[in-house]
Structure formats: C-alpha cells, structure tokens
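The structure appears below as structure tokens.
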Amino acid sequence: MHEVWQTLLEETDRVGKTRLSAADVYSQQISESCKLVRGVKVQVAKKVFENLIEIQKDLTMSIQELTKLQKTYKDEEHIAHDARVKAADADDKVKKKSVGIFTSLSKLQQQSSKLNTRREACEAKSTAARNEYLLCLAAVNAQLNQYYSKDAPELIKSMDGEIYEKMQEYFTLFCQAELQSCGITQECFMRILADSTKVNRDFQLRGFLADNTIFVDLIQYQFQPQDNDNISKVSTEFQNSTPMEAETKKCAARYVQEDRAIKQASKKLQRLIDQSTSASKKSTDQTAEANVGGGGTVDPQVKIEEMKQIIRKSTIERTKMEARMDALKKAGINTDAFIL
C-alpha cells in the first residue's frame, strides 16, 4: 500500500510538472503571441477601412456622374421626342394640304420646315447626351466589375492577414500540450486537433461569402431607354464621326498613359518589396541601431502601400478607358488605330 501511495505521489508530481510546462506554453507561445496578432489586426483594419472609404468615394463619384448624365439624356430625349411628334404632325398637314381660312399652304410648309429644323437640332443634342450616358455607363460598370472582382477580395484578404494560420498554430500548440500532459483526455484533444485543421482562410471565407452575398453578387447597370428609344449603343447617326474619333483618341491616350504608369509603379513596388525583405533579414540589434540613428526615415511599408494605391487607381482608370473604347468600337470606330 505504501508503494502504491509513493507511486501515486510521484506520478502526481510528474503530472503537476507537466501541467506547469503546459502553462508556460499557453503563456509564452499562445497568450503573448495573441496580443501581438491582435495589435497587428487593429492596425491592418484601420488601413483597410481607409482604403475602403477611398474606393467607395471613387465609386460614389462615378455613380453620381452617371446619374447626372442619365438625367441629361432623359431630358434631351424627351425634348427630341416632342420635336419629332410636332414635326411629323406638321409634315402630315402639308401632305394632306390642311389649309384653312387663316392658314395657307405656304405657311404650313414654312412651319413644317421650321419644326423639322428644330427636330434635327434636338436629335443631335439627344444623340450627344445618349453617347455620353452610354460611355459613362460602360465606364461605371467596368469600375464596379473591378471593385467586385479585385478590390473587395483584396481588402478582405488584407483584413484577414495571417489570423487563420496563427489560430491554427495556437490550436495545434494547445492540443499537443494537453495530449502530452493528460493521457486520459487524449482522445478528446486528438479530435480537437483534427478539427483545428479546418481553421483556414478558404473555409472561413466561403462561409462568410455565403452569408454576405453583397461581396459576390456583381452589380452592373443597364441602359435605360427614354420614350421608346431603340438605340442602346454609341452612335454617330446625328453627329459626324469627328467628335467620337476625338473621344476615342482621348480614351486611347489616357489608356496608354495609365498602362505606362502601372508598369512603372509595378517596378517601383517590386524594388520596395525587395528592399523591405532584405532589411527584415537583419539582426534585431542592427535594426534597433538603424532606427535610433535615422529618426526621420519613412517606413517602407508606407511607401509600399502608397505605390499599391497608385497602381490600383491607374488600373481602375485604364479599365474604364478600355470599357469606353470597347463601347466606341461597337459603334464602328477603329479604336486600335489610336493605341500607339
């Protein structure tokens, strides 16, 4: 009986030491690391929300411009519609020679000519307004596509950071420590360890997107015709091709400019990333000394983020110009001839 008691004391002491070792693991490798991860996530969240506000501001401005052009198109098309009706009525009276006591045929012809002249002027204004509306519509839809296909996923990815990898690491450490210190509960913690492998970004992202379809349901605006207008693309019917060619030239020049800016910014971004990676490989003491000596040095991550924003904005502008040129190309304008 004494030997059993002695064995019990020894094993209890060993279990206690094992629990203390597990407690050190929880404190040093999990608890302190969680605090650091939380601090990083707060900083990243602030930066992501700033970027989201900027992106939403750009989208709002584009949609406001689209709404303004849509109203202008509706007004001009309504006026043109009225002018067409009045001109058709006047032509019908001339054909039927609907003269009266105070109305002669020549007066009807003059009135018909005047109304037809006004109709043509209204048609030209309506066509110009429709073209601007359609071009802006194409650009806004392209910007929205850019937002849903690239900007929003990148923001979500930035917000997530390494949280899922870290959480998986913490669960693994916790479970391994418990499995080593408590054989009785081994089966339970093995199950938790197996379940912890499911903690990954892809699995969580699928669940998040399933519950928040606003990030996956692409919004695309459609052309809204006014007064039975059957033209739904850019046209030169009541305008010569010069204004549209000028618009094409402007879009092509802007496209080339933004494309060049993206390439230059991408090279600068890669250099900054390489420099940041090289600097991170230095020892902690060397980094501390460098920080003390150069108090005014700009954080490389700030420069990297600025360069990413330049690339993002240039990519959006290039996409919008490409959409405009595509709309012009569908109207029969050779847009390829303007891209150098």
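Each chain in the structure tokens gets a letter, A, B, ..., in the order shown, and its residues are numbered from 1; ligands are numbered from 1 in order too.
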Q: From a DSSP pass on the backbone, collect the residues of range 76-244 of chain A flagged as helix (DSSP H, G or I) and hand them back as a ChimeraX atom specification.
A: /A:76-96,105-160,163-181,186-196,201-211,213-215,241-244
Which polymer residues have any atom within 6 Å of an atom of range 36-50 of chain A, counting only C-alpha atoms, with same-chain residues fewer than 3 positions away left out, as a PDB file with N, CA and C atoms, in the first residue's frame?
ATOM      1  N   SER A  33       1.611  35.838 -27.982  1.00  0.00           N
ATOM      2  CA  SER A  33       1.515  35.931 -29.442  1.00  0.00           C
ATOM      3  C   SER A  33       0.146  36.449 -29.873  1.00  0.00           C
ATOM      4  N   ILE A  53     -12.883  53.292 -47.733  1.00  0.00           N
ATOM      5  CA  ILE A  53     -13.539  54.604 -47.845  1.00  0.00           C
ATOM      6  C   ILE A  53     -13.122  55.293 -49.132  1.00  0.00           C
ATOM      7  N   MET A 159      -7.602  42.230 -44.667  1.00  0.00           N
ATOM      8  CA  MET A 159      -8.211  42.237 -43.340  1.00  0.00           C
ATOM      9  C   MET A 159      -7.936  40.919 -42.597  1.00  0.00           C
TER      10      MET A 159
END
Could you name the residues that touch Glu123 in chain A at 9 Å or less, counting only C-alpha atoms, but leaving out those on the same chain fewer than 5 positions away, as a short mmCIF file (atom, residue, chain, number, x, y, z; two decimals) with C-alpha atoms, in the first residue's frame?
data_model
loop_
_atom_site.label_atom_id
_atom_site.label_comp_id
_atom_site.auth_asym_id
_atom_site.auth_seq_id
_atom_site.Cartn_x
_atom_site.Cartn_y
_atom_site.Cartn_z
CA GLU A 76 -32.83 65.77 -74.14
CA GLU A 77 -34.52 62.61 -75.42
CA ILE A 79 -37.42 67.16 -75.93
CA ALA A 80 -36.35 65.33 -79.10
CA HIS A 81 -39.37 63.06 -78.85
CA ALA A 83 -39.92 67.68 -81.57
CA ARG A 84 -40.34 64.51 -83.64
CA ARG A 118 -35.76 72.11 -84.68
CA ALA A 128 -24.75 63.51 -77.87
CA PHE A 238 -26.87 62.61 -85.99
#
Q: Show which residues sit within 8 Å of Thr248 in chain A, as a list in words. Count only C-alpha atoms, and ignore same-chain residues fewer than 6 positions away.
A: Met325, Leu328, Thr335 and Phe338 of chain A
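Pairwise distance (CA of Ala138 in chain A, CA of Asp326 in chain A) equals 8.6 Å.
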Give one line per residue of range 216-267 of chain A that approaches range 298-305 of chain A to at most 12 Å, naming the two atoms of the closest pair and their distance in Å to one decimal, counting only C-alpha atoms; sort by chain then ascending residue number and deliver it as a tab-separated table.
residue	atom	partner	partner_atom	distance
A:Ala265	CA	A:Ile304	CA	10.1
A:Ser266	CA	A:Ile304	CA	10.2
A:Lys267	CA	A:Ile304	CA	11.4
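Here CA of Arg312 in chain A stands at a distance of 8.4 Å from CA of Ile262 in chain A.
Between CA of Leu209 in chain A and CA of Gln168 in chain A the separation is 20.8 Å.
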Tell me, counting only C-alpha atoms, for each residue of range 130-173 of chain A within 12 Å of range 231-235 of chain A, which pair of atoms is nearest and how far apart they are in Å to one decimal, in rows ordered by chain and increasing number, as CSV.
residue,atom,partner,partner_atom,distance
A:Arg130,CA,A:Val234,CA,7.4
A:Asn131,CA,A:Val234,CA,5.0
A:Glu132,CA,A:Val234,CA,8.3
A:Tyr133,CA,A:Val234,CA,9.1
A:Leu134,CA,A:Val234,CA,6.5
A:Leu135,CA,A:Val234,CA,7.4
A:Cys136,CA,A:Val234,CA,10.9
A:Leu137,CA,A:Lys233,CA,10.4
A:Ala138,CA,A:Lys233,CA,10.0
